[in-house]
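These notes are about the structure you will find just below.
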Amino acid sequence: MMSEPTAFTCDPKNFVATNAMRHFFLDEGYLLVRGMFDEEEIANIRKALEGSDLFSNTLYAIEDDEGAKTRMTLWRHPGNDVTGKVARCGKVAGTAEKLLGGEVYHYHSKLMAKDPNGKGGKFVWHQDYGYWYKNGCLYPDMLSVFIPIDPCRKENGCLQILAGSHKCGRIDHGFVAGQQGCDLERLEQVKAKLPLKVMEMEPGDVMFHHSNLLHCSGPNTSATKRWSLVCCYNRASNDPVIPHHCPCYTPLDRVPDAEVRECRNYTDLSGKDFMDPSTDATVKVADD
C-alpha cells in the first residue's frame, strides 16, 4: 500500500523542531520538513559541492544488483566549509538532538551522486543500522539527514520508505553486489503491514530518518543528475565499542544557522578527513 508522506512546513530563518515533530518521528521513523533551507542557502551549498572538483575528485562507485553504479564520497568530520556549517548548524544538528533525545556527534557525512540516463544505480532496501550495528554501535540511537541538491523524483531515484518500520528492530543484512541489503523474506513481511511512501522532495526540503527505518532508492532514469548531501549522527551515549572507519564520540562544535548562508569557504576541506573506501568493510567499491 502506497500513501503520501506527511510533511511539516517551517520558516527557514527561524526553525526550531517542535515536540509534535519529535512525537511524529518516534511514531513514524521519519520527519520531512519542507523548505528548511531557503533558495540562498541551497545555492551556497550547491556552490560548495558543484563549484570545484574537490568533492567530485573523491567520488567512488558502489554497484547495485543490476550492475548500475551510484557514486559517493564520505568524510568523517564536518570541517569548516559550507557543508561543515550545514552539519554543525542548529536546524540540522540541533534537530537531530531533539529527535534522538540527547547530545549527538557527527558520525559522518556523504555526497551521493546519481548520474543521469540510467547510469546512476539504485540502493537496495536496507536499514542504516543494519550495517552500523557491525561497526560496534550497540544501540540504534542514530539518524540520517537527507538534503537534496537537485529535485528528487521517482524517475531520478528518490528515496522510498516503509513508514513505522523502525519499530521492527534491526533486520539481518548482507552484501547485495557492493551494498548492504536486508533479508528479503522479512522485507516482504514488513511491506505487507506498513505503508510505502515515495519521498519526492525539492532542494531545501530535509528528511530526518531513524537508523532502523527501512528505505531504498531507485535508479536515475531521467536526463538530469540527482545529487544529495547526507549528514549522519550518533548519540554521544552510544559511543562505538570497537574502532572502525567512522569516528567514535567527538564533541560537535555547533554554529548558528546563519553561517550556512554566510560562509564563503568553498575550497578549504581540511579537517574533513575523507574516507578511503578500502577501510569500510560494509561496502565493496566497483571497478571504474
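Ligands are numbered from 1 in the order shown, chains are lettered A, B, ... in the order of the C-alpha cells, and residues start at 1 in each chain.
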Inset, instruction - Please provide the set of residues having any atom within 7 Å of A:Asp280, restricted to only C-alpha atoms, with same-chain residues fewer than 3 positions apart removed, written as a ChimeraX atom specification. - result: /A:245,277,283
Legend entry - Per-residue DSSP, stretch 87-284 of chain A, filtered to strand (DSSP E or B), as a PyMOL selection string: chain A and resi 89+104-114+120+123-126+142-148+152+159-162+173-176+179-182+196-199+201+203+205-210+215-217+220+226-235+255+274
So that each row is one residue of stretch 141-226 of chain A with an atom at most 8 Å from stretch 115-132 of chain A, can you give its shortest atom pair and the distance in Å to one decimal, using only C-alpha atoms, rows by chain and rising number, as JSON lines?
```
{"residue": "A:Met142", "atom": "CA", "partner": "A:Tyr129", "partner_atom": "CA", "distance": 7.8}
{"residue": "A:Asn156", "atom": "CA", "partner": "A:Pro116", "partner_atom": "CA", "distance": 7.5}
{"residue": "A:Gly157", "atom": "CA", "partner": "A:Lys122", "partner_atom": "CA", "distance": 6.8}
{"residue": "A:Arg170", "atom": "CA", "partner": "A:Gly130", "partner_atom": "CA", "distance": 6.0}
{"residue": "A:Ile171", "atom": "CA", "partner": "A:Gly130", "partner_atom": "CA", "distance": 6.3}
{"residue": "A:Asp172", "atom": "CA", "partner": "A:Gly130", "partner_atom": "CA", "distance": 6.6}
{"residue": "A:His173", "atom": "CA", "partner": "A:Gly130", "partner_atom": "CA", "distance": 5.7}
{"residue": "A:Val176", "atom": "CA", "partner": "A:Val124", "partner_atom": "CA", "distance": 7.8}
{"residue": "A:Gln179", "atom": "CA", "partner": "A:Phe123", "partner_atom": "CA", "distance": 7.5}
{"residue": "A:Gln180", "atom": "CA", "partner": "A:His126", "partner_atom": "CA", "distance": 6.8}
{"residue": "A:Gly181", "atom": "CA", "partner": "A:His126", "partner_atom": "CA", "distance": 4.9}
{"residue": "A:Cys182", "atom": "CA", "partner": "A:His126", "partner_atom": "CA", "distance": 4.9}
{"residue": "A:Leu187", "atom": "CA", "partner": "A:Trp125", "partner_atom": "CA", "distance": 8.0}
{"residue": "A:Ser211", "atom": "CA", "partner": "A:Asp128", "partner_atom": "CA", "distance": 5.0}
{"residue": "A:Asn212", "atom": "CA", "partner": "A:Gln127", "partner_atom": "CA", "distance": 5.1}
{"residue": "A:Leu213", "atom": "CA", "partner": "A:Gln127", "partner_atom": "CA", "distance": 5.6}
{"residue": "A:Leu214", "atom": "CA", "partner": "A:Gln127", "partner_atom": "CA", "distance": 4.9}
{"residue": "A:His215", "atom": "CA", "partner": "A:Trp125", "partner_atom": "CA", "distance": 5.4}
{"residue": "A:Cys216", "atom": "CA", "partner": "A:Trp125", "partner_atom": "CA", "distance": 4.5}
{"residue": "A:Ser217", "atom": "CA", "partner": "A:Phe123", "partner_atom": "CA", "distance": 5.1}
{"residue": "A:Gly218", "atom": "CA", "partner": "A:Lys122", "partner_atom": "CA", "distance": 4.4}
{"residue": "A:Pro219", "atom": "CA", "partner": "A:Lys122", "partner_atom": "CA", "distance": 4.3}
{"residue": "A:Asn220", "atom": "CA", "partner": "A:Gly120", "partner_atom": "CA", "distance": 5.1}
{"residue": "A:Thr221", "atom": "CA", "partner": "A:Gly118", "partner_atom": "CA", "distance": 4.4}
{"residue": "A:Ser222", "atom": "CA", "partner": "A:Asn117", "partner_atom": "CA", "distance": 5.4}
{"residue": "A:Ala223", "atom": "CA", "partner": "A:Pro116", "partner_atom": "CA", "distance": 5.1}
{"residue": "A:Thr224", "atom": "CA", "partner": "A:Pro116", "partner_atom": "CA", "distance": 5.0}
{"residue": "A:Lys225", "atom": "CA", "partner": "A:Pro116", "partner_atom": "CA", "distance": 4.9}
{"residue": "A:Arg226", "atom": "CA", "partner": "A:Asp115", "partner_atom": "CA", "distance": 6.6}
```
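Shortest separation to A:Val260 among A:Thr83, A:Ser52, A:Ser3, A:Asn19 occurs at residue A:Thr83, atoms counted being only C-alpha atoms.
Going from atom CA of A:Ala236 to atom CA of A:Cys137 covers 10.9 Å.
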Legend entry - DSSP-assigned helix (DSSP H, G or I) members of stretch 102-186 of chain A, reported as JSON, numbers by chain: {"A": [128, 129, 130, 131, 132, 133, 134, 135, 154, 155, 156, 165, 166, 167, 168, 184, 185, 186]}
Using N, CA, C and O atoms, can you export the residues from the last selection as a PDB file, in the first residue's frame?
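Contents of result_5.pdb, freshly written:
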```
ATOM      1  N   ASP A 128      20.033   1.701   7.871  1.00  0.00           N
ATOM      2  CA  ASP A 128      21.396   2.164   8.144  1.00  0.00           C
ATOM      3  C   ASP A 128      22.001   1.408   9.331  1.00  0.00           C
ATOM      4  O   ASP A 128      23.181   1.050   9.314  1.00  0.00           O
ATOM      5  N   TYR A 129      21.169   1.135  10.336  1.00  0.00           N
ATOM      6  CA  TYR A 129      21.689   0.395  11.489  1.00  0.00           C
ATOM      7  C   TYR A 129      21.941  -1.071  11.145  1.00  0.00           C
ATOM      8  O   TYR A 129      22.645  -1.763  11.874  1.00  0.00           O
ATOM      9  N   GLY A 130      21.404  -1.521  10.026  1.00  0.00           N
ATOM     10  CA  GLY A 130      21.693  -2.882   9.586  1.00  0.00           C
ATOM     11  C   GLY A 130      23.174  -3.136   9.431  1.00  0.00           C
ATOM     12  O   GLY A 130      23.660  -4.250   9.657  1.00  0.00           O
ATOM     13  N   TYR A 131      23.905  -2.078   9.035  1.00  0.00           N
ATOM     14  CA  TYR A 131      25.362  -2.241   8.943  1.00  0.00           C
ATOM     15  C   TYR A 131      26.121  -1.382   9.952  1.00  0.00           C
ATOM     16  O   TYR A 131      27.238  -1.724  10.328  1.00  0.00           O
ATOM     17  N   TRP A 132      25.540  -0.288  10.448  1.00  0.00           N
ATOM     18  CA  TRP A 132      26.208   0.449  11.526  1.00  0.00           C
ATOM     19  C   TRP A 132      26.334  -0.420  12.772  1.00  0.00           C
ATOM     20  O   TRP A 132      27.275  -0.277  13.555  1.00  0.00           O
ATOM     21  N   TYR A 133      25.393  -1.328  12.952  1.00  0.00           N
ATOM     22  CA  TYR A 133      25.481  -2.319  14.037  1.00  0.00           C
ATOM     23  C   TYR A 133      26.813  -3.058  13.974  1.00  0.00           C
ATOM     24  O   TYR A 133      27.438  -3.348  15.007  1.00  0.00           O
ATOM     25  N   LYS A 134      27.270  -3.350  12.765  1.00  0.00           N
ATOM     26  CA  LYS A 134      28.513  -4.097  12.592  1.00  0.00           C
ATOM     27  C   LYS A 134      29.737  -3.260  12.941  1.00  0.00           C
ATOM     28  O   LYS A 134      30.840  -3.788  13.056  1.00  0.00           O
ATOM     29  N   ASN A 135      29.540  -1.942  13.095  1.00  0.00           N
ATOM     30  CA  ASN A 135      30.635  -1.044  13.448  1.00  0.00           C
ATOM     31  C   ASN A 135      30.830  -0.910  14.955  1.00  0.00           C
ATOM     32  O   ASN A 135      31.653  -0.113  15.401  1.00  0.00           O
ATOM     33  N   LYS A 154      10.578  10.209  -8.485  1.00  0.00           N
ATOM     34  CA  LYS A 154      10.648   8.759  -8.626  1.00  0.00           C
ATOM     35  C   LYS A 154      11.521   8.373  -9.814  1.00  0.00           C
ATOM     36  O   LYS A 154      12.299   7.411  -9.756  1.00  0.00           O
ATOM     37  N   GLU A 155      11.425   9.160 -10.913  1.00  0.00           N
ATOM     38  CA  GLU A 155      12.179   8.814 -12.120  1.00  0.00           C
ATOM     39  C   GLU A 155      13.686   9.043 -11.996  1.00  0.00           C
ATOM     40  O   GLU A 155      14.457   8.511 -12.792  1.00  0.00           O
ATOM     41  N   ASN A 156      14.111   9.858 -11.011  1.00  0.00           N
ATOM     42  CA  ASN A 156      15.565  10.007 -10.862  1.00  0.00           C
ATOM     43  C   ASN A 156      16.090   9.358  -9.585  1.00  0.00           C
ATOM     44  O   ASN A 156      17.211   9.622  -9.156  1.00  0.00           O
ATOM     45  N   SER A 165       8.644   1.331  10.087  1.00  0.00           N
ATOM     46  CA  SER A 165       9.420   0.084  10.092  1.00  0.00           C
ATOM     47  C   SER A 165      10.564   0.110  11.093  1.00  0.00           C
ATOM     48  O   SER A 165      11.137  -0.944  11.416  1.00  0.00           O
ATOM     49  N   HIS A 166      10.920   1.292  11.607  1.00  0.00           N
ATOM     50  CA  HIS A 166      11.972   1.349  12.626  1.00  0.00           C
ATOM     51  C   HIS A 166      11.567   0.592  13.887  1.00  0.00           C
ATOM     52  O   HIS A 166      12.436   0.153  14.655  1.00  0.00           O
ATOM     53  N   LYS A 167      10.269   0.396  14.080  1.00  0.00           N
ATOM     54  CA  LYS A 167       9.797  -0.326  15.261  1.00  0.00           C
ATOM     55  C   LYS A 167       9.974  -1.839  15.117  1.00  0.00           C
ATOM     56  O   LYS A 167       9.753  -2.577  16.088  1.00  0.00           O
ATOM     57  N   CYS A 168      10.339  -2.301  13.939  1.00  0.00           N
ATOM     58  CA  CYS A 168      10.568  -3.742  13.730  1.00  0.00           C
ATOM     59  C   CYS A 168      11.905  -4.197  14.290  1.00  0.00           C
ATOM     60  O   CYS A 168      12.174  -5.398  14.348  1.00  0.00           O
ATOM     61  N   LEU A 184      15.325 -10.431   2.488  1.00  0.00           N
ATOM     62  CA  LEU A 184      14.201 -10.169   1.583  1.00  0.00           C
ATOM     63  C   LEU A 184      12.895 -10.790   2.069  1.00  0.00           C
ATOM     64  O   LEU A 184      11.816 -10.239   1.842  1.00  0.00           O
ATOM     65  N   GLU A 185      12.965 -11.929   2.737  1.00  0.00           N
ATOM     66  CA  GLU A 185      11.742 -12.536   3.257  1.00  0.00           C
ATOM     67  C   GLU A 185      11.117 -11.649   4.328  1.00  0.00           C
ATOM     68  O   GLU A 185       9.904 -11.395   4.321  1.00  0.00           O
ATOM     69  N   ARG A 186      11.950 -11.134   5.241  1.00  0.00           N
ATOM     70  CA  ARG A 186      11.420 -10.244   6.270  1.00  0.00           C
ATOM     71  C   ARG A 186      10.931  -8.936   5.644  1.00  0.00           C
ATOM     72  O   ARG A 186       9.921  -8.372   6.076  1.00  0.00           O
TER      73      ARG A 186
END
```
Legend entry - Shell around A:Pro240 at 7 Å using only C-alpha atoms, local window under 4 positions removed, as a VMD selection string: chain A and resid 136 to 138 248
Include N, CA, C and O atoms and write out the residues we just selected as a PDB file, in the first residue's frame.
```pdb
ATOM      1  N   GLY A 136      30.051  -1.655  15.733  1.00  0.00           N
ATOM      2  CA  GLY A 136      30.197  -1.600  17.179  1.00  0.00           C
ATOM      3  C   GLY A 136      29.302  -0.598  17.865  1.00  0.00           C
ATOM      4  O   GLY A 136      29.524  -0.271  19.039  1.00  0.00           O
ATOM      5  N   CYS A 137      28.286  -0.112  17.169  1.00  0.00           N
ATOM      6  CA  CYS A 137      27.285   0.762  17.798  1.00  0.00           C
ATOM      7  C   CYS A 137      26.223  -0.139  18.438  1.00  0.00           C
ATOM      8  O   CYS A 137      25.498  -0.843  17.726  1.00  0.00           O
ATOM      9  N   LEU A 138      26.133  -0.131  19.752  1.00  0.00           N
ATOM     10  CA  LEU A 138      25.290  -1.095  20.453  1.00  0.00           C
ATOM     11  C   LEU A 138      23.805  -0.773  20.368  1.00  0.00           C
ATOM     12  O   LEU A 138      22.966  -1.663  20.478  1.00  0.00           O
ATOM     13  N   CYS A 248      34.535   7.634  16.601  1.00  0.00           N
ATOM     14  CA  CYS A 248      33.917   7.490  17.907  1.00  0.00           C
ATOM     15  C   CYS A 248      33.554   8.892  18.404  1.00  0.00           C
ATOM     16  O   CYS A 248      33.712   9.870  17.683  1.00  0.00           O
TER      17      CYS A 248
END
```
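Using only C-alpha atoms for every distance, the candidate list A:Lys284, A:Lys197, A:Lys98, A:Lys85 yields A:Lys85 as the residue closest to A:Leu252.
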